[in-house]
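With mmCIF, C-alpha atoms inside, this is start-v6.cif:
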```cif
data_query
#
loop_
_atom_site.group_PDB
_atom_site.id
_atom_site.type_symbol
_atom_site.label_atom_id
_atom_site.label_comp_id
_atom_site.auth_asym_id
_atom_site.auth_seq_id
_atom_site.Cartn_x
_atom_site.Cartn_y
_atom_site.Cartn_z
ATOM 1 C CA MET J 102 103.137 100.436 45.253
ATOM 2 C CA THR J 103 105.255 102.521 47.604
ATOM 3 C CA LEU J 104 102.582 105.213 47.794
ATOM 4 C CA VAL J 105 99.900 102.635 48.572
ATOM 5 C CA LEU J 106 102.013 101.060 51.314
ATOM 6 C CA CYS J 107 103.100 104.372 52.831
ATOM 7 C CA PHE J 108 99.788 106.200 52.724
ATOM 8 C CA GLY J 109 97.278 103.359 52.815
ATOM 9 C CA THR J 110 98.467 101.317 55.774
ATOM 10 C CA GLY J 111 98.219 103.859 58.561
ATOM 11 C CA LEU J 112 101.883 104.788 58.921
ATOM 12 C CA GLU J 113 102.618 107.789 61.113
ATOM 13 C CA SER J 114 103.534 110.892 59.111
ATOM 14 C CA ASP J 115 107.109 111.028 60.437
ATOM 15 C CA VAL J 116 107.738 107.471 59.186
ATOM 16 C CA VAL J 117 106.301 107.866 55.674
ATOM 17 C CA LEU J 118 109.310 109.649 54.130
ATOM 18 C CA PRO J 119 112.124 107.385 55.391
ATOM 19 C CA VAL J 120 110.122 104.215 54.713
ATOM 20 C CA GLY J 121 109.176 105.531 51.275
ATOM 21 C CA VAL J 122 112.800 106.300 50.450
ATOM 22 C CA VAL J 123 113.886 102.790 51.494
ATOM 23 C CA LEU J 124 111.083 101.171 49.475
ATOM 24 C CA ILE J 125 111.762 103.212 46.337
ATOM 25 C CA THR J 126 115.502 102.630 46.642
ATOM 26 C CA CYS J 127 115.204 98.863 47.139
ATOM 27 C CA SER J 128 112.227 98.235 44.852
ATOM 28 C CA VAL J 129 112.993 100.547 41.934
ATOM 29 C CA VAL J 130 116.344 102.359 41.942
ATOM 30 C CA LEU J 131 118.679 99.507 42.916
ATOM 31 C CA PRO J 132 116.939 96.851 40.757
ATOM 32 C CA VAL J 133 117.151 99.147 37.709
ATOM 33 C CA LEU J 134 120.813 99.935 38.429
ATOM 34 C CA LEU J 135 121.542 96.241 38.956
ATOM 35 C CA ALA J 136 119.853 95.365 35.647
ATOM 36 C CA LEU J 137 121.959 98.010 33.886
ATOM 37 C CA LEU J 138 125.092 96.690 35.601
ATOM 38 C CA PHE J 139 124.281 93.105 34.592
ATOM 39 C CA LEU J 140 123.634 94.361 31.050
ATOM 40 C CA SER J 141 126.947 96.225 30.857
ATOM 41 C CA LEU J 142 128.810 93.200 32.237
ATOM 42 C CA GLY J 143 127.154 90.926 29.685
ATOM 43 C CA ARG J 144 125.383 88.859 32.354
ATOM 44 C CA ILE J 145 122.054 89.609 30.631
ATOM 45 C CA LYS J 146 121.504 90.297 26.939
ATOM 46 C CA ASP J 147 118.620 92.763 27.207
ATOM 47 C CA VAL J 148 116.684 94.663 29.858
ATOM 48 C CA ASP J 149 113.676 92.349 29.457
ATOM 49 C CA VAL J 150 115.947 89.418 30.420
ATOM 50 C CA THR J 151 114.436 87.276 27.679
ATOM 51 C CA GLU J 152 117.033 84.520 28.077
ATOM 52 C CA ARG J 153 115.870 82.144 30.813
ATOM 53 C CA LYS J 154 119.410 81.196 31.855
ATOM 54 C CA ASP J 155 120.212 84.868 32.519
ATOM 55 C CA ARG J 156 117.255 85.507 34.829
ATOM 56 C CA MET J 157 118.152 83.728 38.040
ATOM 57 C CA GLY J 158 121.360 85.631 38.780
ATOM 58 C CA LEU J 159 119.718 89.028 38.438
ATOM 59 C CA PHE J 160 116.535 87.932 40.199
ATOM 60 C CA LEU J 161 118.468 86.497 43.158
ATOM 61 C CA VAL J 162 120.389 89.735 43.643
ATOM 62 C CA VAL J 163 117.219 91.838 43.303
ATOM 63 C CA MET J 164 115.420 89.497 45.707
ATOM 64 C CA ALA J 165 118.197 89.955 48.270
ATOM 65 C CA VAL J 166 118.008 93.749 47.879
ATOM 66 C CA GLN J 167 114.238 93.703 48.373
ATOM 67 C CA ILE J 168 114.457 91.465 51.441
ATOM 68 C CA ILE J 169 117.097 93.755 52.953
ATOM 69 C CA GLY J 170 114.858 96.733 52.154
ATOM 70 C CA ALA J 171 111.919 95.051 53.888
ATOM 71 C CA PHE J 172 113.991 94.391 56.996
ATOM 72 C CA ILE J 173 115.186 98.003 57.022
ATOM 73 C CA THR J 174 111.586 99.257 56.842
ATOM 74 C CA PHE J 175 110.671 96.926 59.694
ATOM 75 C CA THR J 176 113.133 98.792 61.935
ATOM 76 C CA PHE J 177 110.755 101.761 61.749
ATOM 77 C CA PRO J 178 107.516 101.812 63.745
ATOM 78 C CA VAL J 179 105.369 100.477 60.881
ATOM 79 C CA THR J 180 101.893 99.009 61.199
ATOM 80 C CA LEU J 181 101.100 95.309 61.220
ATOM 81 C CA ILE J 182 99.217 95.560 57.934
ATOM 82 C CA PHE J 183 102.260 97.229 56.334
ATOM 83 C CA ARG J 184 104.456 94.331 57.458
ATOM 84 C CA GLN J 185 101.959 91.746 56.246
ATOM 85 C CA LEU J 186 101.577 93.333 52.815
ATOM 86 C CA VAL J 187 105.338 93.714 52.364
ATOM 87 C CA VAL J 188 105.858 90.052 53.288
ATOM 88 C CA LEU J 189 103.135 88.978 50.841
ATOM 89 C CA GLU J 190 104.793 91.024 48.098
ATOM 90 C CA LEU J 191 108.153 89.399 48.852
ATOM 91 C CA ILE J 192 106.562 85.953 48.715
ATOM 92 C CA ILE J 193 104.969 86.802 45.361
ATOM 93 C CA PHE J 194 108.297 88.004 43.956
ATOM 94 C CA CYS J 195 110.200 84.967 45.285
ATOM 95 C CA ILE J 196 107.684 82.519 43.810
ATOM 96 C CA ALA J 197 107.706 84.370 40.485
ATOM 97 C CA SER J 198 111.517 84.349 40.449
ATOM 98 C CA VAL J 199 111.607 80.593 40.929
ATOM 99 C CA ILE J 200 108.861 79.902 38.374
ATOM 100 C CA THR J 201 110.363 82.166 35.718
ATOM 101 C CA ASN J 202 113.625 80.264 35.973
ATOM 102 C CA TYR J 203 111.788 77.257 34.525
ATOM 103 C CA TYR J 204 108.896 78.831 32.637
ATOM 104 C CA LYS J 205 108.518 82.436 31.498
ATOM 105 C CA ILE J 206 105.680 84.291 33.207
ATOM 106 C CA SER J 207 104.637 87.887 32.730
ATOM 107 C CA ILE J 208 106.246 90.080 35.370
ATOM 108 C CA HIS J 209 104.173 92.980 33.989
ATOM 109 C CA ALA J 210 100.917 91.084 34.629
ATOM 110 C CA LEU J 211 102.246 89.976 38.018
ATOM 111 C CA SER J 212 103.114 93.552 39.010
ATOM 112 C CA ALA J 213 99.795 94.996 37.823
ATOM 113 C CA THR J 214 97.844 92.283 39.642
ATOM 114 C CA THR J 215 99.858 92.694 42.845
ATOM 115 C CA LEU J 216 99.383 96.461 42.765
ATOM 116 C CA TYR J 217 95.640 96.069 42.197
ATOM 117 C CA LEU J 218 95.276 93.584 45.059
ATOM 118 C CA VAL J 219 97.248 95.690 47.551
ATOM 119 C CA PHE J 220 95.576 98.941 46.469
ATOM 120 C CA GLY J 221 92.176 97.278 46.584
ATOM 121 C CA TYR J 222 92.818 95.805 49.993
ATOM 122 C CA VAL J 223 93.846 99.086 51.613
ATOM 123 C CA THR J 224 90.988 101.035 49.965
ATOM 124 C CA GLY J 225 88.308 98.420 50.561
ATOM 125 C CA TYR J 226 88.021 97.817 46.794
ATOM 126 C CA ARG J 227 86.114 101.103 46.413
ATOM 127 C CA TYR J 228 88.052 101.643 43.210
ATOM 128 C CA TRP J 229 87.246 98.206 41.782
ATOM 129 C CA TRP J 230 87.321 99.606 38.252
ATOM 130 C CA THR J 231 91.118 99.963 38.487
ATOM 131 C CA PHE J 232 91.065 96.240 37.681
ATOM 132 C CA SER J 233 90.940 97.416 34.064
ATOM 133 C CA VAL J 234 94.659 98.268 34.319
ATOM 134 C CA ILE J 235 95.418 94.536 34.560
ATOM 135 C CA ILE J 236 93.381 93.897 31.411
ATOM 136 C CA ILE J 237 95.131 96.728 29.556
ATOM 137 C CA VAL J 238 98.591 95.509 30.616
ATOM 138 C CA CYS J 239 97.802 91.917 29.608
ATOM 139 C CA TRP J 240 96.282 93.005 26.302
ATOM 140 C CA ALA J 241 99.356 95.135 25.513
ATOM 141 C CA ARG J 242 101.810 92.347 26.339
ATOM 142 C CA LEU J 243 99.800 89.913 24.201
ATOM 143 C CA ARG J 244 99.436 92.409 21.348
ATOM 144 C CA LEU J 245 103.182 93.148 21.370
ATOM 145 C CA ASN J 246 103.832 89.387 21.222
ATOM 146 C CA LYS J 247 105.877 89.584 24.429
ATOM 147 C CA HIS J 248 103.919 86.784 26.136
ATOM 148 C CA THR J 249 101.562 83.930 25.449
ATOM 149 C CA LEU J 250 98.137 83.816 27.050
ATOM 150 C CA MET J 251 99.370 81.166 29.523
ATOM 151 C CA GLN J 252 102.305 83.348 30.608
ATOM 152 C CA LEU J 253 99.893 86.205 31.277
ATOM 153 C CA VAL J 254 97.463 83.964 33.156
ATOM 154 C CA LEU J 255 100.300 82.692 35.357
ATOM 155 C CA GLY J 256 101.503 86.253 35.905
ATOM 156 C CA CYS J 257 98.049 87.135 37.237
ATOM 157 C CA ALA J 258 97.476 83.846 39.078
ATOM 158 C CA VAL J 259 100.608 83.867 41.268
ATOM 159 C CA PRO J 260 99.780 87.099 43.134
ATOM 160 C CA LEU J 261 96.100 86.168 43.276
ATOM 161 C CA VAL J 262 96.791 82.796 44.919
ATOM 162 C CA VAL J 263 99.380 84.223 47.334
ATOM 163 C CA PHE J 264 97.156 87.166 48.238
ATOM 164 C CA LEU J 265 94.047 85.030 48.768
ATOM 165 C CA THR J 266 96.086 82.642 50.907
ATOM 166 C CA GLY J 267 97.306 85.654 52.873
ATOM 167 C CA LEU J 268 93.746 86.912 53.295
ATOM 168 C CA LEU J 269 92.657 83.563 54.664
ATOM 169 C CA THR J 270 95.617 83.152 57.005
ATOM 170 C CA VAL J 271 97.369 86.319 58.140
ATOM 171 C CA LEU J 272 95.727 89.531 56.980
ATOM 172 C CA GLU J 273 93.498 91.258 59.507
#
```
Mind turning this structure into structure tokens?
Amino acid sequence: MTLVLCFGTGLESDVVLPVGVVLITCSVVLPVLLALLFLSLGRIKDVDVTERKDRMGLFLVVMAVQIIGAFITFTFPVTLIFRQLVVLELIIFCIASVITNYYKISIHALSATTLYLVFGYVTGYRYWWTFSVIIIVCWARLRLNKHTLMQLVLGCAVPLVVFLTGLLTVLE
């Protein structure tokens, strides 16, 4: 996702590296470290956070880290489309965090769908066939008995609804 945002949204070359570092730090490194910390402290029982009651604490902290990361990237001279896509991603994650507190949805399906939508948007959907990644991810999660069909459908539907709403309201 970071590569798509940094190289697909028209950022100036001198901004790509610092923005990329902030995005990777706040979207990957810190969330993984926080999950490991929560695991070592016994706040979660496994890295998949299968227990519903354990999810909200970790998700709230990760959400805060990602929001802070977004604000840090906005201090750089980034493009409007970059800002809009980052905000849409934050909205998707926030909605998913709230929903998964009450009903488990597939974060894997959500992530694959979000990545496809953002990548497709910035490339004009020239690589439409990359949609197959969503199908492969959903099939794997279903085959491994990690999710029900409804959890996968919701994981795909949340980013789709948010993104389509964004297309109709704020995206250029």
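Considering the residues J:Leu104, J:Val254, J:Val150, J:Leu134 and counting only C-alpha atoms, Val122 of chain J has its shortest atom-to-atom contact with J:Leu104.
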Can you give me, as a list in words, the residues this file yields under the PyMOL selection byres ((chain J and resi 238) around 12)?
-> Ser207, Ile208, His209, Ala210, Leu211, Ser212, Ala213, Thr214, Tyr217, Thr231, Phe232, Ser233, Val234, Ile235, Ile236, Ile237, Cys239, Trp240, Ala241, Arg242, Leu243, Arg244, Leu245, Lys247, His248, Leu253, Val254, Gly256 and Cys257 of chain J
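Checking J:Gly109, J:Pro260, J:Gly121, J:Pro132 one by one against Ala171 of chain J, counting only C-alpha atoms, you find the shortest gap at J:Gly121.
Closest approach to Thr201 of chain J from the set J:Leu138, J:Leu159, J:Ile125, J:Leu269 is made by J:Leu159, with distances taken over all atoms listed in the file.
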Apply the PyMOL selection byres ((chain J and resi 164-167) around 12) to the displayed file and report the matching residues as JSON, numbers by chain.
-> {"J": [123, 124, 125, 126, 127, 128, 129, 130, 131, 132, 133, 134, 135, 156, 157, 158, 159, 160, 161, 162, 163, 168, 169, 170, 171, 172, 173, 174, 187, 188, 190, 191, 192, 193, 194, 195, 196, 197, 198, 199]}
Enter the distance from atom CA of Asn202 of chain J to atom CA of Val219 of chain J, in Å, rounded to one decimal.
-> 25.3 Å
Which polymer residues have any atom within 8 Å of an atom of Val148 of chain J, counting only C-alpha atoms, with same-chain residues fewer than 3 positions away left out, as an NGL selection string?
-> :J and (136-137 or 140 or 145)
Edge lengths and centre, in Å to one decimal, as lines of an AutoDock Vina configuration file: that's what I need for the box along x, y and z that holds all listed atoms of segment 181-192 of chain J plus 4 Å on each side.
```
center_x = 103.7
center_y = 91.6
center_z = 54.7
size_x = 16.9
size_y = 19.3
size_z = 21.1
```
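Between atom CA of Val105 of chain J and atom CA of Leu118 of chain J the interatomic distance comes to 13.0 Å.
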Check what the PyMOL selection byres ((chain J and resi 111) around 9) selects in the file above and give those residues as a PDB file with C-alpha atoms, keeping the file's coordinate frame.
```
ATOM      1  CA  LEU J 106     102.013 101.060  51.314  1.00  0.00           C
ATOM      2  CA  CYS J 107     103.100 104.372  52.831  1.00  0.00           C
ATOM      3  CA  PHE J 108      99.788 106.200  52.724  1.00  0.00           C
ATOM      4  CA  GLY J 109      97.278 103.359  52.815  1.00  0.00           C
ATOM      5  CA  THR J 110      98.467 101.317  55.774  1.00  0.00           C
ATOM      6  CA  LEU J 112     101.883 104.788  58.921  1.00  0.00           C
ATOM      7  CA  GLU J 113     102.618 107.789  61.113  1.00  0.00           C
ATOM      8  CA  SER J 114     103.534 110.892  59.111  1.00  0.00           C
ATOM      9  CA  VAL J 179     105.369 100.477  60.881  1.00  0.00           C
ATOM     10  CA  THR J 180     101.893  99.009  61.199  1.00  0.00           C
ATOM     11  CA  ILE J 182      99.217  95.560  57.934  1.00  0.00           C
ATOM     12  CA  PHE J 183     102.260  97.229  56.334  1.00  0.00           C
TER      13      PHE J 183
END
```
Separating atom CA of Met102 of chain J from atom CA of Asp147 of chain J, to the nearest tenth of an Å, is a gap of 25.0 Å
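Nearest residue to Leu250 of chain J among J:Trp229, J:Val263, J:Tyr222, J:Lys205 is J:Lys205, counting all atoms listed in the file.
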Residue with smallest distance to Val223 of chain J - pool J:Leu265, J:Ala258, J:Val117, J:Leu272, counting all atoms listed in the file | J:Leu272
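Distances to Asp149 of chain J were evaluated for J:Thr224, J:Thr270, J:Ile206, J:Leu261 using all atoms listed in the file, and the minimum falls at J:Ile206.
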